[in-house]
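These notes are about the structure you will find just below.
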Amino acid sequence: MATEQRPDQLSPWQAQAMAVPEAFDLFLGGGRGGGKTFTLAAIFLRHCEQHGDEARCLVVRKSFPGLQDLEAEFRSYFTKVYGDKLRFDGQKHRFTLPNGATVQLDQLERENDFAKYQGKSFSHIAVDEAGQYASPALTDRLRSSLRAPAGVPTRFILIANPGGVGHAWLVRRYALKEPWKPYIDEATGFDFVSIASTYRDNEFIDRDRYAKNLMASCATDPELGRAWLEGDWSVLRGAYFSSVIDEQRVRVEPWPELPLPDQWDTDRWKIYLAHDFGSAAPSVTYLCAQSPGAEGPDGYFYPKGSVVLVDEESTTSPDDLNAGLGLTVPDQADRIISMCKQWRASPRGVADDAIFNNNGSQSGTIGDEFRKAGVSFTKAHKGSRLAGWQIMRRMLADAGTPDRPGLYVSRNCQVWWQTVPALPRDPRKPEDVDSTAADHAADACRYALTGYQPLPHVEFAFNN
Ligand SMILES: Nc1ncnc2c1ncn2[C@@H]1O[C@H](COP(=O)(O)OP(=O)(O)OP(=O)(O)O)[C@@H](O)[C@H]1O
Ligand SMILES: [Mg+2]
């Protein structure tokens with residue numbers, strides 16, 4: 001009796017989502033409240049009914065409260081189908097269906113949490129609220145547990161809303177793909193389909209009321225409210241800096257050379273480095289030029305005090321903007337020196353204060369190691385993050401004006417262009433950048449603006 005009863009009708013969008021062939025992994029995106037998590041329960045149910053005790057489903061969320069909400073939603077869903085024949089192990093967060101199929105819910109927050117999946121296999125794995133993961137590293141690793149006996153299809157499902165700390169990698173991989181059209185996810189090599197819904201697709205809620213509540217929940221951040229309402233991943237492109245970054249004003253073509261230092265000029269261009277350090281995380285270094293109020297080598301006039309990010313050296317992993325290449329300090333220094341050589345600039349500048357902390361290592365601080373390797377950094381004395389972001393916003397907004405110092409960024413600075421315009425805000429502190437996002441380019445840029453009393457540029461002679 002109970003087993004034949006379907007828990008609820010599906011919305012047309014949900015029915016269409018269910019019809020995407022199982023051979024495709026799924027990205028369910030869009031706005032809040034579109035019925036994505038409910039669709040996941042329905043996909044799991046179908047898989048479980050088809051494959052009995054060979055069906056093993058896993059769904060993870062990042063936070064424990066999130067996991068509890070999910071548990072309540074799934075419990076109500078599966079109870080409607082199986083009534084008291086549904087078994088639930090509260091300690092293991094695992095449902096066992098009458099035919100032996102299992103649905104495991106779990107919290108996956110950090111690398112160490114993987115130990116519990118060691119040697120386990122799941123036929124369907126889903127990540128709910130994938131936007132809460134700052135990088136795809138953890139969720140990608142889940143795939144190592146995705147395997148099933150012959151004849152049982154395996155499937156990976158990602159669910160996310162715009163605006164989380166994972167906004168940038170989700171956009172890069174999945175969120176802006178043409179909906180319903182299969183593609184190969186370049187990062188993992190798997191066949192994917194991306195689809196999206198908004199609250200309007202969900203006839204099971206009071207939609208007008210839901211929309212009002214959604215906007216009210218984002219009273220201090222109407223841009224985020226709109227992204228959640230419309231499911232538009234591009235609204236929040238550049239969430240934090242979106243209102244001030246306009247490529248036409250900020251982006252400059254690569255300079256042919258640095259401004260030639262004229263020894264009679266007292267007011268010269270100042271050339272310096274600005275560096276944000278990372279090893280597991282990326283390092284980003286800018287070659288910066290501060291204008292005396294003069295024409296640059298590209299023939300454009302830069303008002304006095306303007307800063308141009310002329311070139312970039314970064315150890316960002318090509319697939320994960322939040323992961324570094326794990327290079328040692330001497331290797332990083334070599335790369336920075338070779339950028340400086342190319343421009344005949346002195347390898348000196350400012351860096352994150354933290355690299356001057358003594359960590360008890362024999363080789364001294366990271367700052368000392370850089371100095372030994374030929375790159376001389378001083379503390380950026382960066383002050384408060386918020387004050388730094390305010391300066392950066394103001395200079396971005398003033399780029400292109402004839403009389404106020406602006407911030408200009410060369411097309412050479414690829415990591416800057418890939419990350420800064422897309423940086424999300426901290427959901428708990430909307431006036432700040434989310435520090436778990438890929439903010440390394442932004443940090444280095446901030447030090448370039450706040451950290452330096454630059455010395456005049458003299459052309460630098462390298463010995464070798
Ligand atoms: N087919 C359905 N029948 C009954 N209720 C449904 C159905 N689909 C969704 N709902 C209800 O609508 C609400 C929103 O659905 P759901 O939580 O699945 O949306 P979501 O897209 O995951 O939202 P969020 O973006 O906030 O995570 C929930 O209360 C859910 O139970
Ligand atoms: Mg959901």
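Convention: chains lettered A, B, ... in structure tokens order; per-chain residue numbering from 1; ligands numbered from 1 as shown.
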- Task: Using only C-alpha atoms, determine which residues lie at most 8 Å from Val375 of chain A, disregarding the query and same-chain residues fewer than 2 positions distant; provide the list as a list in words.
- Result: Ala333, Ile336, Ile337, Pro347, Arg348, Phe370, Arg371, Lys372, Ala373 and Phe377 of chain A
Save out the residues we just selected, N, CA, C and O atoms, as a PDB file, in the first residue's frame.
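Here's the written file part_29.pdb:
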```pdb
ATOM      1  N   ALA A 333      60.483  33.093  -5.602  1.00  0.00           N
ATOM      2  CA  ALA A 333      61.338  34.264  -5.805  1.00  0.00           C
ATOM      3  C   ALA A 333      61.893  34.266  -7.233  1.00  0.00           C
ATOM      4  O   ALA A 333      61.917  35.300  -7.901  1.00  0.00           O
ATOM      5  N   ILE A 336      59.344  35.548  -9.571  1.00  0.00           N
ATOM      6  CA  ILE A 336      59.132  36.993  -9.423  1.00  0.00           C
ATOM      7  C   ILE A 336      60.295  37.754 -10.063  1.00  0.00           C
ATOM      8  O   ILE A 336      60.103  38.745 -10.777  1.00  0.00           O
ATOM      9  N   ILE A 337      61.523  37.238  -9.825  1.00  0.00           N
ATOM     10  CA  ILE A 337      62.695  37.909 -10.395  1.00  0.00           C
ATOM     11  C   ILE A 337      62.646  37.861 -11.916  1.00  0.00           C
ATOM     12  O   ILE A 337      62.953  38.842 -12.598  1.00  0.00           O
ATOM     13  N   PRO A 347      63.428  44.021  -7.950  1.00  0.00           N
ATOM     14  CA  PRO A 347      62.536  43.081  -7.266  1.00  0.00           C
ATOM     15  C   PRO A 347      62.347  43.446  -5.800  1.00  0.00           C
ATOM     16  O   PRO A 347      62.855  42.778  -4.916  1.00  0.00           O
ATOM     17  N   ARG A 348      61.594  44.503  -5.577  1.00  0.00           N
ATOM     18  CA  ARG A 348      61.340  44.893  -4.193  1.00  0.00           C
ATOM     19  C   ARG A 348      59.948  45.521  -4.101  1.00  0.00           C
ATOM     20  O   ARG A 348      59.425  46.050  -5.091  1.00  0.00           O
ATOM     21  N   PHE A 370      62.730  35.195   1.256  1.00  0.00           N
ATOM     22  CA  PHE A 370      62.630  35.941  -0.008  1.00  0.00           C
ATOM     23  C   PHE A 370      63.863  36.830  -0.206  1.00  0.00           C
ATOM     24  O   PHE A 370      64.422  36.899  -1.289  1.00  0.00           O
ATOM     25  N   ARG A 371      64.262  37.475   0.874  1.00  0.00           N
ATOM     26  CA  ARG A 371      65.401  38.390   0.769  1.00  0.00           C
ATOM     27  C   ARG A 371      66.652  37.609   0.336  1.00  0.00           C
ATOM     28  O   ARG A 371      67.375  38.027  -0.554  1.00  0.00           O
ATOM     29  N   LYS A 372      66.851  36.442   0.968  1.00  0.00           N
ATOM     30  CA  LYS A 372      68.015  35.628   0.596  1.00  0.00           C
ATOM     31  C   LYS A 372      67.946  35.209  -0.859  1.00  0.00           C
ATOM     32  O   LYS A 372      68.968  35.043  -1.524  1.00  0.00           O
ATOM     33  N   ALA A 373      66.736  35.025  -1.340  1.00  0.00           N
ATOM     34  CA  ALA A 373      66.577  34.588  -2.734  1.00  0.00           C
ATOM     35  C   ALA A 373      66.535  35.772  -3.693  1.00  0.00           C
ATOM     36  O   ALA A 373      66.314  35.588  -4.894  1.00  0.00           O
ATOM     37  N   PHE A 377      61.092  42.355   0.338  1.00  0.00           N
ATOM     38  CA  PHE A 377      59.755  42.845   0.695  1.00  0.00           C
ATOM     39  C   PHE A 377      59.802  43.560   2.037  1.00  0.00           C
ATOM     40  O   PHE A 377      60.557  43.184   2.930  1.00  0.00           O
TER      41      PHE A 377
END
```
- Message: As a quick test: using only C-alpha atoms and all ligand atoms, which residues lie no more than 9 Å away from ligand 1? Give them as a ChimeraX atom specification.
- Response: /A:7-11,14-15,28-42,70,73,76-77,128-129,159-161,197-199,202-205,228
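Near Arg75 of chain A, within 10 Å and counting only C-alpha atoms, sit Ala41, Asp69, Leu70, Glu71, Ala72, Phe78, Thr79, Lys80, Leu86, Arg87, Phe88 and Phe95 of chain A; same-chain residues fewer than 3 positions away were not included.
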How would the residues just chosen look if you wrote them out with C-alpha atoms as a PDB file, in the first residue's frame?
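See out-v4.pdb below for the written result:
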```pdb
ATOM      1  CA  ALA A  41      14.998  13.199  -3.028  1.00  0.00           C
ATOM      2  CA  ASP A  69      17.479  20.562   7.843  1.00  0.00           C
ATOM      3  CA  LEU A  70      18.156  18.154   5.033  1.00  0.00           C
ATOM      4  CA  GLU A  71      17.477  15.207   7.304  1.00  0.00           C
ATOM      5  CA  ALA A  72      14.093  16.643   8.210  1.00  0.00           C
ATOM      6  CA  PHE A  78      10.519   9.121   2.478  1.00  0.00           C
ATOM      7  CA  THR A  79       8.018   8.705   5.304  1.00  0.00           C
ATOM      8  CA  LYS A  80       5.266   9.763   2.937  1.00  0.00           C
ATOM      9  CA  LEU A  86      11.213   3.318   6.637  1.00  0.00           C
ATOM     10  CA  ARG A  87      14.118   2.768   8.968  1.00  0.00           C
ATOM     11  CA  PHE A  88      16.316   5.597  10.106  1.00  0.00           C
ATOM     12  CA  PHE A  95      17.750   5.825   5.870  1.00  0.00           C
TER      13      PHE A  95
END
```
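Backbone DSSP assigns strand (DSSP E) in segment 116-168 of chain A to A:His124, A:Ile125, A:Ala126, A:Val127, A:Arg155, A:Phe156, A:Ile157, A:Leu158, A:Ile159.
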How would the residues just chosen look if you wrote them out with all heavy atoms as a PDB file, in the first residue's frame?
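Result written to out30.pdb:
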```pdb
ATOM      1  N   HIS A 124      25.005   6.735  -6.088  1.00  0.00           N
ATOM      2  CA  HIS A 124      24.653   8.127  -6.385  1.00  0.00           C
ATOM      3  C   HIS A 124      25.259   8.995  -5.289  1.00  0.00           C
ATOM      4  O   HIS A 124      25.082   8.692  -4.110  1.00  0.00           O
ATOM      5  CB  HIS A 124      23.122   8.336  -6.354  1.00  0.00           C
ATOM      6  CG  HIS A 124      22.448   8.027  -7.662  1.00  0.00           C
ATOM      7  ND1 HIS A 124      22.898   7.081  -8.548  1.00  0.00           N
ATOM      8  CD2 HIS A 124      21.319   8.563  -8.227  1.00  0.00           C
ATOM      9  CE1 HIS A 124      22.087   7.042  -9.597  1.00  0.00           C
ATOM     10  NE2 HIS A 124      21.119   7.919  -9.441  1.00  0.00           N
ATOM     11  N   ILE A 125      25.947  10.042  -5.702  1.00  0.00           N
ATOM     12  CA  ILE A 125      26.480  10.982  -4.706  1.00  0.00           C
ATOM     13  C   ILE A 125      26.024  12.388  -5.072  1.00  0.00           C
ATOM     14  O   ILE A 125      26.126  12.800  -6.237  1.00  0.00           O
ATOM     15  CB  ILE A 125      28.024  10.940  -4.646  1.00  0.00           C
ATOM     16  CG1 ILE A 125      28.488   9.552  -4.181  1.00  0.00           C
ATOM     17  CG2 ILE A 125      28.558  12.011  -3.696  1.00  0.00           C
ATOM     18  CD1 ILE A 125      30.000   9.408  -4.024  1.00  0.00           C
ATOM     19  N   ALA A 126      25.503  13.108  -4.084  1.00  0.00           N
ATOM     20  CA  ALA A 126      25.062  14.484  -4.333  1.00  0.00           C
ATOM     21  C   ALA A 126      25.678  15.426  -3.319  1.00  0.00           C
ATOM     22  O   ALA A 126      25.925  15.065  -2.172  1.00  0.00           O
ATOM     23  CB  ALA A 126      23.537  14.560  -4.245  1.00  0.00           C
ATOM     24  N   VAL A 127      25.952  16.641  -3.791  1.00  0.00           N
ATOM     25  CA  VAL A 127      26.408  17.701  -2.902  1.00  0.00           C
ATOM     26  C   VAL A 127      25.321  18.757  -2.894  1.00  0.00           C
ATOM     27  O   VAL A 127      25.045  19.374  -3.928  1.00  0.00           O
ATOM     28  CB  VAL A 127      27.723  18.320  -3.404  1.00  0.00           C
ATOM     29  CG1 VAL A 127      28.189  19.415  -2.448  1.00  0.00           C
ATOM     30  CG2 VAL A 127      28.797  17.254  -3.570  1.00  0.00           C
ATOM     31  N   ARG A 155      25.977   8.145 -10.527  1.00  0.00           N
ATOM     32  CA  ARG A 155      25.648   9.519 -10.899  1.00  0.00           C
ATOM     33  C   ARG A 155      26.112  10.489  -9.823  1.00  0.00           C
ATOM     34  O   ARG A 155      26.038  10.192  -8.636  1.00  0.00           O
ATOM     35  CB  ARG A 155      24.135   9.643 -11.039  1.00  0.00           C
ATOM     36  CG  ARG A 155      23.725  10.816 -11.883  1.00  0.00           C
ATOM     37  CD  ARG A 155      22.247  10.811 -12.101  1.00  0.00           C
ATOM     38  NE  ARG A 155      21.901  11.601 -13.270  1.00  0.00           N
ATOM     39  CZ  ARG A 155      20.671  11.979 -13.562  1.00  0.00           C
ATOM     40  NH1 ARG A 155      19.663  11.602 -12.811  1.00  0.00           N
ATOM     41  NH2 ARG A 155      20.442  12.727 -14.626  1.00  0.00           N
ATOM     42  N   PHE A 156      26.576  11.651 -10.296  1.00  0.00           N
ATOM     43  CA  PHE A 156      27.054  12.699  -9.398  1.00  0.00           C
ATOM     44  C   PHE A 156      26.176  13.928  -9.608  1.00  0.00           C
ATOM     45  O   PHE A 156      25.928  14.324 -10.753  1.00  0.00           O
ATOM     46  CB  PHE A 156      28.510  13.012  -9.733  1.00  0.00           C
ATOM     47  CG  PHE A 156      29.225  13.815  -8.692  1.00  0.00           C
ATOM     48  CD1 PHE A 156      29.623  13.218  -7.504  1.00  0.00           C
ATOM     49  CD2 PHE A 156      29.511  15.150  -8.893  1.00  0.00           C
ATOM     50  CE1 PHE A 156      30.295  13.948  -6.523  1.00  0.00           C
ATOM     51  CE2 PHE A 156      30.183  15.894  -7.923  1.00  0.00           C
ATOM     52  CZ  PHE A 156      30.581  15.285  -6.739  1.00  0.00           C
ATOM     53  N   ILE A 157      25.697  14.501  -8.529  1.00  0.00           N
ATOM     54  CA  ILE A 157      24.746  15.615  -8.643  1.00  0.00           C
ATOM     55  C   ILE A 157      25.193  16.772  -7.754  1.00  0.00           C
ATOM     56  O   ILE A 157      25.466  16.583  -6.568  1.00  0.00           O
ATOM     57  CB  ILE A 157      23.328  15.155  -8.212  1.00  0.00           C
ATOM     58  CG1 ILE A 157      22.869  13.989  -9.100  1.00  0.00           C
ATOM     59  CG2 ILE A 157      22.332  16.309  -8.276  1.00  0.00           C
ATOM     60  CD1 ILE A 157      21.652  13.251  -8.564  1.00  0.00           C
ATOM     61  N   LEU A 158      25.292  17.946  -8.358  1.00  0.00           N
ATOM     62  CA  LEU A 158      25.660  19.139  -7.592  1.00  0.00           C
ATOM     63  C   LEU A 158      24.467  20.089  -7.573  1.00  0.00           C
ATOM     64  O   LEU A 158      23.833  20.310  -8.613  1.00  0.00           O
ATOM     65  CB  LEU A 158      26.820  19.862  -8.266  1.00  0.00           C
ATOM     66  CG  LEU A 158      28.205  19.245  -8.108  1.00  0.00           C
ATOM     67  CD1 LEU A 158      29.114  19.759  -9.211  1.00  0.00           C
ATOM     68  CD2 LEU A 158      28.792  19.594  -6.753  1.00  0.00           C
ATOM     69  N   ILE A 159      24.205  20.646  -6.408  1.00  0.00           N
ATOM     70  CA  ILE A 159      23.086  21.583  -6.272  1.00  0.00           C
ATOM     71  C   ILE A 159      23.626  22.872  -5.666  1.00  0.00           C
ATOM     72  O   ILE A 159      24.377  22.822  -4.687  1.00  0.00           O
ATOM     73  CB  ILE A 159      22.013  20.997  -5.330  1.00  0.00           C
ATOM     74  CG1 ILE A 159      21.531  19.652  -5.879  1.00  0.00           C
ATOM     75  CG2 ILE A 159      20.853  21.969  -5.150  1.00  0.00           C
ATOM     76  CD1 ILE A 159      20.496  18.968  -5.010  1.00  0.00           C
TER      77      ILE A 159
END
```
- Thr139 of chain A environment, 12 Å, only C-alpha atoms, sequence neighbours closer than 4 positions dropped, as number ranges by chain: A: 59-62, 107-111, 113-114, 125-135, 143-146, 156-159, 166, 169-170, 188
Convert the current residue selection to file output with C-alpha atoms, as a PDB file, in the first residue's frame.
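out.pdb written:
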```pdb
ATOM      1  CA  VAL A  59      24.211  13.388  -0.001  1.00  0.00           C
ATOM      2  CA  VAL A  60      26.519  15.814   1.780  1.00  0.00           C
ATOM      3  CA  ARG A  61      26.163  19.311   3.098  1.00  0.00           C
ATOM      4  CA  LYS A  62      28.880  21.431   4.565  1.00  0.00           C
ATOM      5  CA  GLN A 107      28.459  16.449   6.794  1.00  0.00           C
ATOM      6  CA  LEU A 108      31.544  17.094   4.695  1.00  0.00           C
ATOM      7  CA  GLU A 109      33.405  20.068   5.936  1.00  0.00           C
ATOM      8  CA  ARG A 110      37.099  19.437   5.624  1.00  0.00           C
ATOM      9  CA  GLU A 111      39.736  17.141   4.247  1.00  0.00           C
ATOM     10  CA  ASP A 113      36.130  14.053   6.877  1.00  0.00           C
ATOM     11  CA  PHE A 114      37.151  11.851   3.957  1.00  0.00           C
ATOM     12  CA  ILE A 125      26.480  10.982  -4.706  1.00  0.00           C
ATOM     13  CA  ALA A 126      25.062  14.484  -4.333  1.00  0.00           C
ATOM     14  CA  VAL A 127      26.408  17.701  -2.902  1.00  0.00           C
ATOM     15  CA  ASP A 128      23.600  19.929  -1.701  1.00  0.00           C
ATOM     16  CA  GLU A 129      24.403  23.640  -1.386  1.00  0.00           C
ATOM     17  CA  ALA A 130      27.703  23.146  -3.207  1.00  0.00           C
ATOM     18  CA  GLY A 131      28.149  26.936  -3.246  1.00  0.00           C
ATOM     19  CA  GLN A 132      29.249  26.732   0.363  1.00  0.00           C
ATOM     20  CA  TYR A 133      32.502  25.080  -0.666  1.00  0.00           C
ATOM     21  CA  ALA A 134      35.179  27.640  -1.429  1.00  0.00           C
ATOM     22  CA  SER A 135      36.907  25.342  -3.893  1.00  0.00           C
ATOM     23  CA  ARG A 143      33.954  10.934  -6.769  1.00  0.00           C
ATOM     24  CA  SER A 144      36.524   8.418  -5.602  1.00  0.00           C
ATOM     25  CA  SER A 145      33.683   6.698  -3.716  1.00  0.00           C
ATOM     26  CA  LEU A 146      31.340   6.684  -6.693  1.00  0.00           C
ATOM     27  CA  PHE A 156      27.054  12.699  -9.398  1.00  0.00           C
ATOM     28  CA  ILE A 157      24.746  15.615  -8.643  1.00  0.00           C
ATOM     29  CA  LEU A 158      25.660  19.139  -7.592  1.00  0.00           C
ATOM     30  CA  ILE A 159      23.086  21.583  -6.272  1.00  0.00           C
ATOM     31  CA  GLY A 166      31.924  28.808  -4.306  1.00  0.00           C
ATOM     32  CA  TRP A 169      34.211  27.924  -9.514  1.00  0.00           C
ATOM     33  CA  LEU A 170      30.573  26.953 -10.033  1.00  0.00           C
ATOM     34  CA  THR A 188      36.573  16.192 -14.423  1.00  0.00           C
TER      35      THR A 188
END
```
- In Å, how far is it from atom CA of Val329 of chain A to atom CA of His440 of chain A? 16.6 Å
- Item | All residues 10 Å or closer to Pro297 of chain A, only C-alpha atoms, same chain fewer than 4 positions away omitted, as number ranges by chain | A: 254-260, 301
- Query: Hey, what's within 12 Å of Lys212 of chain A if we count only C-alpha atoms and toss same-chain stuff fewer than 2 positions away? As JSON, numbers by chain, please?
  - Reply: {"A": [199, 206, 207, 208, 209, 210, 214, 215, 216, 217, 218, 219, 222, 225, 226, 228, 229]}
Preceding selection exported with N, CA, C and O atoms as a PDB file, in the first residue's frame:
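New file result-v5.pdb:
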```
ATOM      1  N   TYR A 199      12.013  30.169  -7.828  1.00  0.00           N
ATOM      2  CA  TYR A 199      10.801  29.928  -7.009  1.00  0.00           C
ATOM      3  C   TYR A 199       9.552  29.932  -7.877  1.00  0.00           C
ATOM      4  O   TYR A 199       8.556  29.316  -7.536  1.00  0.00           O
ATOM      5  N   ASP A 206       3.758  29.387  -1.541  1.00  0.00           N
ATOM      6  CA  ASP A 206       3.085  30.663  -1.788  1.00  0.00           C
ATOM      7  C   ASP A 206       4.129  31.595  -2.395  1.00  0.00           C
ATOM      8  O   ASP A 206       4.939  32.185  -1.678  1.00  0.00           O
ATOM      9  N   ARG A 207       4.111  31.692  -3.723  1.00  0.00           N
ATOM     10  CA  ARG A 207       5.244  32.316  -4.401  1.00  0.00           C
ATOM     11  C   ARG A 207       5.401  33.804  -4.100  1.00  0.00           C
ATOM     12  O   ARG A 207       6.518  34.285  -3.917  1.00  0.00           O
ATOM     13  N   ASP A 208       4.293  34.523  -4.029  1.00  0.00           N
ATOM     14  CA  ASP A 208       4.418  35.963  -3.759  1.00  0.00           C
ATOM     15  C   ASP A 208       5.035  36.209  -2.394  1.00  0.00           C
ATOM     16  O   ASP A 208       5.920  37.043  -2.212  1.00  0.00           O
ATOM     17  N   ARG A 209       4.526  35.438  -1.455  1.00  0.00           N
ATOM     18  CA  ARG A 209       5.025  35.588  -0.093  1.00  0.00           C
ATOM     19  C   ARG A 209       6.503  35.191  -0.003  1.00  0.00           C
ATOM     20  O   ARG A 209       7.306  35.851   0.659  1.00  0.00           O
ATOM     21  N   TYR A 210       6.851  34.115  -0.706  1.00  0.00           N
ATOM     22  CA  TYR A 210       8.228  33.638  -0.688  1.00  0.00           C
ATOM     23  C   TYR A 210       9.167  34.709  -1.248  1.00  0.00           C
ATOM     24  O   TYR A 210      10.223  34.999  -0.684  1.00  0.00           O
ATOM     25  N   LEU A 214      12.186  36.507   0.665  1.00  0.00           N
ATOM     26  CA  LEU A 214      13.544  36.375   0.151  1.00  0.00           C
ATOM     27  C   LEU A 214      14.210  37.743   0.080  1.00  0.00           C
ATOM     28  O   LEU A 214      15.352  37.924   0.517  1.00  0.00           O
ATOM     29  N   MET A 215      13.488  38.731  -0.459  1.00  0.00           N
ATOM     30  CA  MET A 215      14.062  40.072  -0.564  1.00  0.00           C
ATOM     31  C   MET A 215      14.284  40.643   0.837  1.00  0.00           C
ATOM     32  O   MET A 215      15.297  41.294   1.098  1.00  0.00           O
ATOM     33  N   ALA A 216      13.346  40.368   1.751  1.00  0.00           N
ATOM     34  CA  ALA A 216      13.491  40.892   3.111  1.00  0.00           C
ATOM     35  C   ALA A 216      14.710  40.279   3.792  1.00  0.00           C
ATOM     36  O   ALA A 216      15.411  40.946   4.561  1.00  0.00           O
ATOM     37  N   SER A 217      15.000  39.017   3.467  1.00  0.00           N
ATOM     38  CA  SER A 217      16.150  38.370   4.110  1.00  0.00           C
ATOM     39  C   SER A 217      17.463  38.955   3.600  1.00  0.00           C
ATOM     40  O   SER A 217      18.518  38.722   4.168  1.00  0.00           O
ATOM     41  N   CYS A 218      17.392  39.695   2.514  1.00  0.00           N
ATOM     42  CA  CYS A 218      18.605  40.304   1.949  1.00  0.00           C
ATOM     43  C   CYS A 218      18.484  41.825   1.950  1.00  0.00           C
ATOM     44  O   CYS A 218      18.938  42.487   1.024  1.00  0.00           O
ATOM     45  N   ALA A 219      17.856  42.361   2.981  1.00  0.00           N
ATOM     46  CA  ALA A 219      17.591  43.802   2.992  1.00  0.00           C
ATOM     47  C   ALA A 219      18.860  44.623   2.812  1.00  0.00           C
ATOM     48  O   ALA A 219      18.849  45.655   2.151  1.00  0.00           O
ATOM     49  N   PRO A 222      20.586  43.914  -1.645  1.00  0.00           N
ATOM     50  CA  PRO A 222      19.555  43.667  -2.657  1.00  0.00           C
ATOM     51  C   PRO A 222      20.072  42.926  -3.891  1.00  0.00           C
ATOM     52  O   PRO A 222      19.323  42.203  -4.537  1.00  0.00           O
ATOM     53  N   GLY A 225      19.740  39.388  -3.081  1.00  0.00           N
ATOM     54  CA  GLY A 225      18.314  39.071  -3.122  1.00  0.00           C
ATOM     55  C   GLY A 225      17.850  38.820  -4.547  1.00  0.00           C
ATOM     56  O   GLY A 225      17.147  37.850  -4.832  1.00  0.00           O
ATOM     57  N   ARG A 226      18.277  39.673  -5.455  1.00  0.00           N
ATOM     58  CA  ARG A 226      17.876  39.508  -6.862  1.00  0.00           C
ATOM     59  C   ARG A 226      18.450  38.223  -7.448  1.00  0.00           C
ATOM     60  O   ARG A 226      17.773  37.516  -8.196  1.00  0.00           O
ATOM     61  N   TRP A 228      19.152  35.485  -5.877  1.00  0.00           N
ATOM     62  CA  TRP A 228      18.410  34.346  -5.321  1.00  0.00           C
ATOM     63  C   TRP A 228      17.014  34.243  -5.931  1.00  0.00           C
ATOM     64  O   TRP A 228      16.484  33.163  -6.145  1.00  0.00           O
ATOM     65  N   LEU A 229      16.442  35.409  -6.191  1.00  0.00           N
ATOM     66  CA  LEU A 229      15.094  35.435  -6.766  1.00  0.00           C
ATOM     67  C   LEU A 229      15.112  34.966  -8.215  1.00  0.00           C
ATOM     68  O   LEU A 229      14.327  34.115  -8.621  1.00  0.00           O
TER      69      LEU A 229
END
```
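For the set A:His167, A:Arg411, A:Lys304, A:Arg172, the residue with the smallest atom-to-atom gap to Leu423 of chain A is A:His167, counting only C-alpha atoms.
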- Message: At a cut-off of 12 Å, using only C-alpha atoms, what residues contact Val284 of chain A? Leave out same-chain residues fewer than 6 positions from it and give the result as a ChimeraX atom specification.
- Response: /A:273-278,309,311-317,321-325,332-333,335-336,350-352,413-416,419,438-448
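Using only C-alpha atoms, the smallest distance between any of A:Asp353, A:Glu22, A:Asp334, A:Asp53 and His381 of chain A comes from A:Asp353.
From atom CA of Gln248 of chain A back to atom CA of Arg268 of chain A, the distance works out to 26.4 Å.
Counting only C-alpha atoms and comparing A:Ile366, A:Ala354, A:Cys57, A:Val165, the residue that lies closest to Ala437 of chain A is A:Val165.
Interatomic distance, atom CA of Gln50 of chain A against atom CA of Gly100 of chain A: 11.4 Å.
Nearest to ligand 2 of all the residues A:Gly66, A:Gly349, A:Gly406, A:Pro179 is A:Gly66, based on only C-alpha atoms and all ligand atoms.
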